[in-house]
file my_file.txt (compact mmCIF, C-alpha atoms)
# COMPACT_ATOMS: atom_id res chain seq x y z
CA PHE A 1 -28.65 24.13 31.10
CA GLN A 2 -27.56 20.58 30.31
CA SER A 3 -27.63 19.36 26.71
CA ASP A 4 -27.86 15.76 25.47
CA TYR A 5 -24.43 16.14 23.86
CA MET A 6 -21.66 18.45 25.08
CA GLU A 7 -18.11 18.74 23.77
CA VAL A 8 -15.83 19.57 26.68
CA TRP A 9 -12.63 20.80 25.15
CA GLY A 10 -12.12 24.56 25.22
CA GLY A 11 -15.50 26.16 25.94
CA THR A 12 -18.72 24.18 26.28
CA THR A 13 -21.82 25.18 24.31
CA VAL A 14 -25.34 24.28 25.45
CA GLU A 15 -28.69 25.38 24.04
CA GLU A 16 -29.00 28.39 26.36
CA GLY A 17 -25.39 29.59 26.44
CA TYR A 18 -21.65 29.06 26.57
CA PHE A 19 -19.40 28.13 29.52
CA GLY A 20 -15.70 28.96 29.43
CA VAL A 21 -12.61 30.31 31.16
CA ILE A 22 -11.77 33.81 29.90
CA ASN A 23 -9.13 36.16 31.32
CA GLY A 24 -8.68 33.98 34.38
CA LEU A 25 -12.39 34.01 35.27
CA LEU A 26 -15.15 31.43 34.83
CA TYR A 27 -17.78 32.92 32.50
CA TYR A 28 -21.24 32.10 31.23
CA VAL A 29 -22.43 33.75 28.01
CA ASP A 30 -26.24 34.01 27.94
CA PHE A 31 -27.40 33.55 24.33
CA GLU A 32 -30.67 35.42 24.92
CA THR A 33 -29.00 38.65 26.09
CA MET A 34 -25.53 37.90 24.64
CA ASN A 35 -23.99 39.09 27.90
CA ALA A 36 -20.96 37.38 29.41
CA VAL A 37 -21.41 37.01 33.17
CA PRO A 38 -18.71 35.90 35.66
CA ILE A 39 -19.90 32.76 37.47
CA CYS A 40 -20.06 34.28 40.96
CA ASN A 41 -22.95 34.80 43.40
CA LYS A 42 -21.28 37.27 45.74
CA PRO A 43 -23.14 40.60 45.99
CA ASP A 44 -21.15 43.72 45.02
CA CYS A 45 -18.23 41.53 43.89
CA ARG A 46 -15.86 43.31 41.48
CA HIS A 47 -14.97 39.94 39.88
CA ILE A 48 -11.24 40.42 40.15
CA SER A 49 -9.05 37.66 38.71
CA TRP A 50 -5.94 36.30 40.42
CA MET A 51 -3.85 38.24 37.87
CA GLU A 52 -5.19 41.48 39.37
CA ASP A 53 -5.15 40.38 42.99
CA ARG A 54 -3.59 37.16 44.27
CA ASN A 55 -5.94 37.32 47.27
CA THR A 56 -9.15 37.69 45.28
CA LYS A 57 -12.24 36.08 46.82
CA CYS A 58 -14.37 36.06 43.65
CA ASN A 59 -16.01 32.67 42.99
CA ALA A 60 -15.22 33.02 39.29
CA ALA A 61 -11.49 33.48 39.92
CA ASN A 62 -10.23 29.90 39.75
CA THR A 63 -6.65 29.51 38.62
CA ASP A 64 -6.69 25.75 38.25
CA ILE A 65 -10.19 24.91 36.91
CA TRP A 66 -10.76 24.39 33.21
CA ASN A 67 -13.24 22.71 30.85
CA LEU A 68 -16.51 23.75 32.49
CA PHE A 69 -19.82 22.04 31.75
CA PRO A 70 -23.26 21.84 33.42
CA TYR A 71 -24.63 18.52 34.64
CA LYS A 72 -27.81 17.76 36.62
CA GLY A 73 -28.21 21.28 37.99
CA LYS A 74 -24.56 21.62 38.98
CA LEU A 75 -21.42 23.06 37.42
CA TYR A 76 -18.62 20.61 36.73
CA GLY A 77 -14.99 21.29 35.90
CA PHE A 78 -11.53 19.77 35.80
CA ARG A 79 -9.02 20.90 38.40
CA SER A 80 -5.28 20.50 37.84
CA LEU A 81 -3.42 19.12 40.84
CA ALA A 82 -0.06 20.42 42.06
CA ASP A 83 1.65 17.03 41.77
CA GLY A 84 0.16 16.28 38.35
CA GLY A 85 -3.09 14.81 37.13
CA SER A 86 -6.62 16.21 37.33
CA GLU A 87 -9.70 15.73 39.46
CA LEU A 88 -13.36 16.27 38.64
CA VAL A 89 -14.87 19.04 40.76
CA VAL A 90 -18.48 20.18 41.16
CA SER A 91 -20.14 23.38 42.44
CA ASP A 92 -23.48 25.11 42.50
CA LEU A 93 -24.34 26.86 39.22
CA ASP A 94 -23.35 30.20 40.76
CA GLY A 95 -19.77 29.01 41.28
CA SER A 96 -20.01 28.47 45.04
CA ASN A 97 -19.19 25.38 47.13
CA TRP A 98 -16.61 23.69 44.92
CA LYS A 99 -16.02 20.07 45.98
CA SER A 100 -13.96 17.22 44.59
CA LYS A 101 -15.68 14.17 43.09
CA GLY A 102 -12.40 12.32 42.71
CA MET A 103 -9.32 12.03 40.56
CA PHE A 104 -9.75 10.75 37.00
CA ILE A 105 -6.45 11.72 35.34
CA LYS A 106 -3.29 10.40 37.06
CA ALA A 107 0.00 12.27 37.36
CA GLU A 108 1.58 10.39 34.45
CA GLU A 109 -1.45 11.05 32.21
CA SER A 110 -2.75 14.08 30.31
CA PHE A 111 -6.33 14.83 29.27
CA HIS A 112 -7.03 15.63 25.61
CA GLU A 113 -10.73 16.07 25.03
CA GLY A 114 -14.11 14.62 25.94
CA VAL A 115 -17.83 14.55 25.26
CA VAL A 116 -20.64 14.29 27.79
CA VAL A 117 -23.54 12.09 26.70
CA LYS A 118 -26.37 11.44 29.17
CA ASP A 119 -24.64 10.52 32.46
CA GLN A 120 -21.32 9.53 30.93
CA MET A 121 -18.20 11.27 29.71
CA PHE A 122 -16.19 9.66 26.93
CA TYR A 123 -12.71 11.10 26.88
CA LEU A 124 -9.18 10.72 25.53
CA LYS A 125 -5.97 10.79 27.54
CA ASP A 126 -2.27 10.20 26.89
CA VAL A 127 -0.62 7.59 29.10
CA ALA A 128 3.14 7.18 29.56
CA LEU A 129 4.31 3.59 29.28
CA ARG A 130 7.64 3.12 31.04
CA GLU A 131 9.63 0.16 29.86
CA GLU A 132 12.83 -0.81 31.67
CA GLU A 133 15.08 -0.58 28.60
CA ALA A 134 13.48 2.52 27.09
CA ALA A 135 15.31 5.83 27.57
CA GLU A 136 12.10 7.79 27.11
CA PRO A 137 8.58 6.65 28.07
CA GLU A 138 6.40 5.60 25.16
CA LEU A 139 3.00 7.22 24.94
CA GLU A 140 -0.38 5.75 24.15
CA THR A 141 -3.70 7.50 23.62
CA VAL A 142 -6.52 5.83 25.51
CA MET A 143 -10.28 6.23 25.05
CA CYS A 144 -12.18 5.87 28.32
CA MET A 145 -15.71 6.16 29.70
CA LEU A 146 -16.39 7.84 33.03
CA ASP A 147 -19.74 7.52 34.83
CA LEU A 148 -20.33 11.03 36.19
CA ASP A 149 -22.54 9.76 39.03
CA THR A 150 -20.48 6.86 40.36
CA MET A 151 -17.03 8.05 39.12
CA LYS A 152 -16.36 4.54 37.86
CA SER A 153 -14.34 4.47 34.64
CA ARG A 154 -13.21 1.89 32.15
CA GLU A 155 -10.99 1.72 29.12
CA ILE A 156 -12.58 1.31 25.69
CA CYS A 157 -9.55 1.20 23.38
CA ARG A 158 -5.97 2.46 23.03
CA GLU A 159 -3.45 3.21 20.30
CA ARG A 160 0.32 3.70 20.35
CA GLY A 161 1.57 7.30 20.07
CA THR A 162 0.55 10.69 21.44
CA PHE A 163 -2.70 12.12 20.02
CA SER A 164 -3.03 8.86 18.04
CA ILE A 165 -6.81 9.02 18.64
CA GLN A 166 -8.70 12.28 18.10
CA PHE A 167 -12.38 13.09 18.54
CA LEU A 168 -13.69 14.95 15.49
CA GLY A 169 -17.32 15.62 16.49
CA GLY A 170 -20.68 13.92 16.67
CA THR A 171 -24.12 13.73 18.25
CA LYS A 172 -25.81 12.24 21.33
CA ASP A 173 -25.78 8.88 19.53
CA TYR A 174 -22.32 8.66 17.96
CA GLN A 175 -18.83 10.17 17.81
CA ILE A 176 -16.58 10.35 14.76
CA TYR A 177 -12.92 9.85 15.61
CA SER A 178 -9.64 9.35 13.77
CA VAL A 179 -6.79 6.94 14.48
CA GLN A 180 -3.20 7.43 13.38
CA GLU A 181 -2.05 4.03 12.20
CA ASP A 182 1.18 2.82 10.57
CA ASN A 183 -0.36 2.96 7.10
CA GLY A 184 -2.11 6.30 7.52
CA ILE A 185 -5.17 7.76 9.20
CA LYS A 186 -8.46 5.91 9.49
CA CYS A 187 -11.80 7.26 10.70
CA TYR A 188 -14.45 5.48 12.75
CA GLN A 189 -18.02 5.97 13.94
CA PHE A 190 -18.37 5.09 17.61
CA ASP A 191 -21.77 4.10 19.04
CA TYR A 192 -22.01 5.21 22.70
CA ASP A 193 -24.68 2.70 23.74
CA GLU A 194 -23.09 -0.33 22.12
CA GLU A 195 -19.53 0.94 22.69
CA GLU A 196 -18.66 -0.35 19.24
CA SER A 197 -16.78 1.28 16.37
CA LYS A 198 -17.06 0.80 12.65
CA GLU A 199 -14.69 2.18 10.05
CA ILE A 200 -16.03 4.87 7.71
CA SER A 201 -14.46 6.24 4.55
CA LEU A 202 -13.75 9.99 4.56
CA LYS A 203 -11.66 12.05 2.18
CA ASN A 204 -7.98 12.57 3.05
CA ARG A 205 -7.05 13.91 6.51
CA THR A 206 -10.12 15.10 8.44
CA GLN A 207 -9.77 17.84 11.07
CA SER A 208 -13.28 18.37 12.45
CA VAL A 209 -16.89 17.26 12.10
CA VAL A 210 -19.73 19.78 12.38
CA LYS A 211 -23.52 19.86 12.08
CA ALA A 212 -23.83 16.12 12.67
CA ASP A 213 -27.24 14.43 12.86
CA GLU A 214 -28.76 11.00 12.26
CA THR A 215 -28.26 11.28 8.49
CA GLY A 216 -24.65 12.49 8.31
CA PHE A 217 -22.29 15.37 8.93
CA TYR A 218 -20.03 18.00 7.37
CA TYR A 219 -16.23 17.90 7.69
CA ASN A 220 -13.10 19.67 6.44
CA SER A 221 -10.32 17.68 4.84
CA GLY A 222 -6.98 17.87 3.04
CA ILE A 223 -3.64 16.14 2.44
CA ASP A 224 -1.50 18.04 4.96
CA TYR A 225 -3.97 20.73 6.07
CA PRO A 226 -7.76 20.85 5.57
CA LYS A 227 -8.61 22.74 2.39
CA GLU A 228 -12.05 21.46 1.36
CA VAL A 229 -15.49 20.80 2.87
CA TYR A 230 -17.44 17.57 2.37
CA LYS A 231 -20.79 16.19 3.50
CA HIS A 232 -20.84 12.52 4.50
CA ASP A 233 -24.03 10.49 4.16
CA LEU A 234 -24.19 7.77 6.83
CA GLU A 235 -26.66 5.62 4.91
CA THR A 236 -24.89 5.60 1.53
CA SER A 237 -21.33 6.30 2.80
CA GLU A 238 -20.98 8.87 0.02
CA ASN A 239 -18.87 12.02 0.42
CA GLU A 240 -20.33 15.02 -1.41
CA ILE A 241 -17.97 17.94 -1.94
CA CYS A 242 -19.44 21.22 -0.70
CA ILE A 243 -16.48 23.61 -1.04
CA SER A 244 -13.57 22.69 -3.32
CA GLU A 245 -10.01 23.96 -2.96
CA GLU A 246 -10.29 25.54 -6.39
CA GLU A 247 -13.35 27.67 -5.57
CA ALA A 248 -12.02 28.61 -2.11
CA LYS A 249 -8.75 29.75 -3.68
CA ALA A 250 -10.68 31.83 -6.23
CA ALA A 251 -12.64 33.52 -3.43
CA PHE A 252 -9.47 34.22 -1.41
CA GLY A 253 -7.56 35.41 -4.46
CA LYS A 254 -4.49 33.28 -3.75
CA GLU A 255 -3.24 30.07 -2.18
CA TYR A 256 -4.20 29.48 1.45
CA LEU A 257 -2.83 27.35 4.26
CA GLN A 258 -6.05 25.84 5.63
CA LEU A 259 -9.84 26.00 5.68
CA ILE A 260 -11.69 25.86 9.01
CA ILE A 261 -15.46 25.35 9.17
CA TRP A 262 -17.03 27.86 11.54
CA ASP A 263 -20.72 27.03 11.15
CA VAL A 264 -23.20 25.29 8.85
CA ARG A 265 -26.74 26.59 8.42
CA GLU A 266 -29.60 25.64 6.15
CA ASP A 267 -28.85 28.64 3.93
CA GLY A 268 -25.07 28.30 3.77
CA ILE A 269 -21.64 27.45 5.17
CA LEU A 270 -19.46 29.89 7.11
CA PHE A 271 -15.73 29.11 6.86
CA HIS A 272 -12.38 30.67 7.73
CA LEU A 273 -9.46 30.74 5.26
CA VAL A 274 -5.98 31.29 6.71
CA ASP A 275 -2.47 31.83 5.38
CA GLU A 276 0.73 33.00 7.08
CA LYS A 277 -0.05 36.72 6.86
CA GLU A 278 -3.82 37.12 6.71
CA GLY A 279 -7.19 35.41 6.74
CA ASP A 280 -10.90 36.05 6.63
CA VAL A 281 -14.30 34.40 6.89
CA PHE A 282 -16.35 33.51 3.82
CA TRP A 283 -19.95 32.54 3.21
CA LYS A 284 -21.08 29.99 0.64
CA GLU A 285 -24.78 30.37 -0.04
CA SER A 286 -26.61 27.08 -0.43
CA LYS A 287 -29.11 28.21 -3.05
CA SER A 288 -26.81 30.01 -5.50
CA GLY A 289 -23.50 28.35 -4.65
CA GLU A 290 -21.89 31.79 -4.56
CA ILE A 291 -18.97 32.41 -2.18
CA LYS A 292 -18.71 35.86 -0.64
CA ARG A 293 -15.84 37.33 1.38
CA LEU A 294 -17.19 38.98 4.55
CA TYR A 295 -14.14 41.12 5.51
CA LEU A 296 -14.57 40.41 9.22
CA GLU A 297 -10.81 40.35 9.85
CA GLU A 298 -10.34 43.66 8.03
CA ASN A 299 -13.07 45.32 10.16
CA LEU A 300 -12.01 44.11 13.61
CA PRO A 301 -12.23 46.86 16.27
CA LYS A 302 -8.55 46.62 17.24
CA LYS A 303 -5.75 47.42 14.76
CA ASN A 304 -3.13 44.81 13.86
CA SER A 305 -5.56 42.00 14.66
CA ARG A 306 -6.27 38.60 13.14
CA LEU A 307 -9.17 36.23 13.65
CA ASN A 308 -8.26 33.49 16.10
CA SER A 309 -11.06 30.99 16.77
CA PHE A 310 -14.77 30.32 16.49
CA MET A 311 -16.41 30.08 19.93
CA PHE A 312 -20.11 29.41 19.25
CA GLY A 313 -22.92 29.90 16.77
CA THR A 314 -26.57 30.67 17.50
CA GLU A 315 -29.63 31.38 15.38
CA ASP A 316 -28.89 35.09 15.74
CA GLY A 317 -25.11 35.36 15.48
CA ILE A 318 -21.63 34.03 16.24
CA GLY A 319 -19.05 34.43 19.01
CA PHE A 320 -15.35 34.43 18.18
CA SER A 321 -11.93 35.50 19.45
CA TYR A 322 -9.22 37.50 17.72
CA LEU A 323 -5.59 38.30 18.48
CA GLN A 324 -4.10 41.79 18.42
CA SER A 325 -0.36 41.77 17.76
CA LEU A 326 1.92 44.04 19.78
CA ASP A 327 5.69 44.51 19.38
CA SER A 328 6.58 41.54 21.58
CA ASP A 329 3.20 40.50 22.97
CA ASN A 330 -0.47 40.00 22.00
CA ILE A 331 -3.97 40.57 23.34
CA GLU A 332 -6.83 38.13 22.89
CA TRP A 333 -10.22 39.82 22.44
CA TYR A 334 -13.69 38.25 22.43
CA GLY A 335 -16.46 39.46 20.13
CA TYR A 336 -19.97 38.76 18.89
CA ILE A 337 -21.66 39.77 15.65
CA SER A 338 -25.19 39.06 14.41
CA TRP A 339 -25.73 37.04 11.26
CA GLU A 340 -27.55 39.99 9.72
CA ASP A 341 -24.58 42.33 10.22
CA LEU A 342 -21.98 39.70 9.33
CA LEU A 343 -23.57 38.81 5.98
CA ALA A 344 -24.17 42.50 5.21
CA GLY A 345 -20.53 43.36 5.86
CA LYS A 346 -21.36 45.74 8.71
CA ASN A 347 -18.76 46.33 11.41
CA ASN A 348 -21.12 45.97 14.40
CA ILE A 349 -18.96 43.78 16.61
CA LYS A 350 -19.98 43.60 20.26
CA THR A 351 -17.28 43.03 22.86
CA LEU A 352 -18.23 40.00 24.94
CA VAL A 353 -15.56 40.40 27.62
CA GLU A 354 -13.23 43.32 28.31
CA THR A 355 -9.71 41.87 28.29
CA LYS A 356 -7.58 43.26 31.14
CA PHE A 357 -4.17 41.72 30.46
CA THR A 358 -1.93 40.93 27.50
CA GLY A 359 -0.87 37.37 26.82
CA GLY A 360 2.38 38.21 28.60
CA GLY A 361 0.55 39.46 31.72
CA LYS A 362 0.85 43.23 31.23
CA PRO A 363 -2.18 45.20 32.51
CA LEU A 364 -4.44 47.13 30.11
CA ASP A 365 -6.36 50.34 30.68
CA GLU A 366 -10.07 50.78 29.92
CA GLU A 367 -9.33 51.55 26.26
CA GLY A 368 -7.24 48.42 25.82
CA ASN A 369 -3.82 50.09 25.86
CA VAL A 370 -0.88 48.61 27.77
CA ILE A 371 -0.43 50.58 30.98
CA GLY A 372 2.95 52.30 31.19
CA GLU A 373 3.79 52.05 27.48
call {"tool": "encode", "arguments": {"input": "my_file.txt", "output": "structure tokens"}}
result
Amino acid sequence: FQSDYMEVWGGTTVEEGYFGVINGLLYYVDFETMNAVPICNKPDCRHISWMEDRNTKCNAANTDIWNLFPYKGKLYGFRSLADGGSELVVSDLDGSNWKSKGMFIKAEESFHEGVVVKDQMFYLKDVALREEEAAEPELETVMCMLDLDTMKSREICRERGTFSIQFLGGTKDYQIYSVQEDNGIKCYQFDYDEEESKEISLKNRTQSVVKADETGFYYNSGIDYPKEVYKHDLETSENEICISEEEAKAAFGKEYLQLIIWDVREDGILFHLVDEKEGDVFWKESKSGEIKRLYLEENLPKKNSRLNSFMFGTEDGIGFSYLQSLDSDNIEWYGYISWEDLLAGKNNIKTLVETKFTGGGKPLDEEGNVIGE
């Protein structure tokens, strides 16, 4: 299952599937069958989460494990500790025999995000600096490297302020990251082998990097919020605009708050436009340059729902989550749609996981209605 490059914030995507924590259970989504399977090897297990039964014995029901990823035939995760901090834990791929490999985030620290490259994890954490005269501890963001075999770690760099360093995306050879400095935001290309960074020039404030390779990458950018898409060429350092704010606004029919890249393919770019009240996904075709609204949000299976986040993209389709609004609560649902149906505007959304509880912890029946209301 292991890939040469794995981003381990939120869910983790590898070539064969997706690992994540959904509804209080550890799940693996098999891309070949597009079935979401609880990570549990117990025969006849009902895969009950702790929200349904505090005494559940299901291997997938871990209340304190997050950020799953496969490594050398094992399943790794981060476990939050009762007194603060996190430890790295490892199990068999079926979720059995969880064991600690050691603590890597101390009680006064908090993990942000990381990437696994070969046998190393490069990650960011916030560290509280307590000075005698300071009323409140000052925070620094620190970039570190952890050897997953020996558990030895070392600091690479640090910057003053919380979230002052942010990973944007990359490949098995490099990571693009941003640094909040006194005179604005600067972006850098970090070489894992050399552990060296060089400044690169990107447009405005960059939120994320996608479809990176040895020649360059795509990214979204804007002044306050990302509103355009660019392609950066690593050899020439040029930034080619792919989707302008003007053409995105024309496709949406009005002003929008932000543009989020969902996926980039040879034949086009899939992106999400959002404002305070609505949003939708759009497709810009590479050959014609035409932008088409896909009406995915309008055709979601549950009423009063809005698209939430992109989970993964495959050659055949995409996985995503969406939020259904209730009077004083919400329900997060998980869906999949093929590229063929998405681009044709067909409402053939497959449910990846049946959600059993609202965000506020109220149980749902088999049809997704709140029990007792």
call {"tool": "atom_distance", "arguments": {"input": "my_file.txt", "atom1": "atom CA of Ile337 of chain A", "atom2": "atom CA of Glu290 of chain A"}}
result
21.7 Å
call {"tool": "residues_around", "arguments": {"input": "my_file.txt", "residues": "Glu181 of chain A", "least_positions_apart": "5", "cutoff": "9 Å", "atoms": "all atoms listed in the file", "output": "PyMOL selection string"}}
result
chain A and resi 159-160+164+186
call {"tool": "write_last_selection", "arguments": {"input": "my_file.txt", "atoms": "C-alpha atoms", "output": "CSV table (one decimal), in the coordinates of the input"}}
result
chain,number,residue,atom,x,y,z
A,159,GLU,CA,-3.4,3.2,20.3
A,160,ARG,CA,0.3,3.7,20.4
A,164,SER,CA,-3.0,8.9,18.0
A,186,LYS,CA,-8.5,5.9,9.5
call {"tool": "atom_distance", "arguments": {"input": "my_file.txt", "atom1": "atom CA of Asp119 of chain A", "atom2": "atom CA of Tyr71 of chain A"}}
result
8.3 Å
call {"tool": "residues_around", "arguments": {"input": "my_file.txt", "residues": "Val281 of chain A", "least_positions_apart": "3", "cutoff": "7 Å", "atoms": "only C-alpha atoms", "output": "list in words"}}
result
Leu270, Phe271, His272, Leu273, Arg293, Leu294, Tyr295 and Leu296 of chain A
call {"tool": "atom_distance", "arguments": {"input": "my_file.txt", "atom1": "atom CA of Phe104 of chain A", "atom2": "atom CA of Phe78 of chain A"}}
result
9.3 Å
call {"tool": "residues_near_point", "arguments": {"input": "my_file.txt", "point": "(-26.0, 14.3, 26.1)", "cutoff": "7 Å", "atoms": "all atoms listed in the file", "output": "list in words"}}
result
Ser3, Asp4, Tyr5, Met6, Val116, Val117, Lys118 and Lys172 of chain A
